[in-house]
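**Q** One structure, as C-alpha cells, below. Some questions next.
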Amino acid sequence: MVYDLSIRGARVSTEAEIRLGDEVTLSLRLPKQINPADIAVATVQWAKDQFFGLVFTELSPAAQNRLKKYVAIVSATAA
C-alpha cells in the first residue's frame with residue numbers, strides 16, 4: 001500500500017521483509033492514467049513496524065512525468 005506519494009518518494013506499508021538501505025522496484029498504477037509509473041530503483045530510507053520511507057533514486061522521464069501529473073491533480077484537489 002502506498003501513502004504520501006510525491007515525485008521524490010513515498011511512504012509504503014508491506015508485509016515483505018525490507019531493511020534500511022534495501023533497493024526495491026515499484027510499478028505504481030495511478031488513477032486516470034493508462035500506463036503505470038515504473039520506479040526502477042527506490043531506496044529504503046527509514047523503517048518503522050511495517051511502514052517504510054522510500055526515496056526514488058532511479059526513474060524514467062516517463063515515470064517522472066506521470067508522477068508530476070498525479071501529484072499536481074491531488075494537490076489541486078486538496079487545496
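We label chains A, B, ... in the order they appear in the C-alpha cells, count residues from 1 in each chain, and number ligands from 1 in the order shown.
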Can you list, as a VMD selection string, all residues belonging to chain A that DSSP tags as alpha helix (DSSP H)?
**A** chain A and resid 61 to 78
**Q** Could you turn the residues from that selection into a file that holds C-alpha atoms, as a PDB file, in the first residue's frame?
**A**
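Printed below is result.pdb as written:
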ATOM      1  CA  PRO A  61      11.415  10.569 -17.631  1.00  0.00           C
ATOM      2  CA  ALA A  62       8.037   8.988 -18.488  1.00  0.00           C
ATOM      3  CA  ALA A  63       7.548   7.789 -14.895  1.00  0.00           C
ATOM      4  CA  GLN A  64       8.605  11.180 -13.582  1.00  0.00           C
ATOM      5  CA  ASN A  65       6.020  12.884 -15.828  1.00  0.00           C
ATOM      6  CA  ARG A  66       3.276  10.508 -14.657  1.00  0.00           C
ATOM      7  CA  LEU A  67       4.131  11.232 -11.026  1.00  0.00           C
ATOM      8  CA  LYS A  68       4.183  15.003 -11.643  1.00  0.00           C
ATOM      9  CA  LYS A  69       0.728  14.852 -13.271  1.00  0.00           C
ATOM     10  CA  TYR A  70      -0.724  12.784 -10.450  1.00  0.00           C
ATOM     11  CA  VAL A  71       0.772  14.925  -7.667  1.00  0.00           C
ATOM     12  CA  ALA A  72      -0.449  18.114  -9.380  1.00  0.00           C
ATOM     13  CA  ILE A  73      -4.002  16.740  -9.610  1.00  0.00           C
ATOM     14  CA  VAL A  74      -4.027  15.581  -5.988  1.00  0.00           C
ATOM     15  CA  SER A  75      -2.574  18.898  -4.786  1.00  0.00           C
ATOM     16  CA  ALA A  76      -5.159  20.907  -6.728  1.00  0.00           C
ATOM     17  CA  THR A  77      -7.990  18.753  -5.385  1.00  0.00           C
ATOM     18  CA  ALA A  78      -6.785  19.097  -1.782  1.00  0.00           C
TER      19      ALA A  78
END
**Q** So that I can check the surroundings of Phe51 of chain A, please list as a ChimeraX atom specification every protein, DNA and RNA residue that reaches within 12 Å of it, counting only C-alpha atoms and ignoring chain neighbours fewer than 4 positions away.
**A** /A:1-4,10-20,44-47
**Q** Do you know which residues are at most 9 Å from Val24 of chain A counting only C-alpha atoms, after dropping those on the same chain fewer than 3 positions away, and could you put them as a list in words?
**A**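 Counting only the stated atoms, we get Ile18, Ile39, Ala40, Val41, Ala42, Thr43, Val44 and Leu54 of chain A.
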**Q** Would you mind reading off the distance between atom CA of Ala37 of chain A and atom CA of Gln50 of chain A, one decimal, in Å?
**A**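 Computed distance, atom CA of Ala37 of chain A to atom CA of Gln50 of chain A, equals 23.0 Å.
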**Q** Determine which residues of chain A DSSP labels as strand (DSSP E or B) from the backbone of this structure, then write them out as a ChimeraX atom specification.
**A** /A:2-3,9-13,23-28,37-48,51-59
**Q** Please, what distance in Å, to one decimal, runs between atom CA of Val55 of chain A and atom CA of Ile34 of chain A?
**A**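 Taking atom CA of Val55 of chain A as the start and atom CA of Ile34 of chain A as the end point, the length is 23.8 Å.
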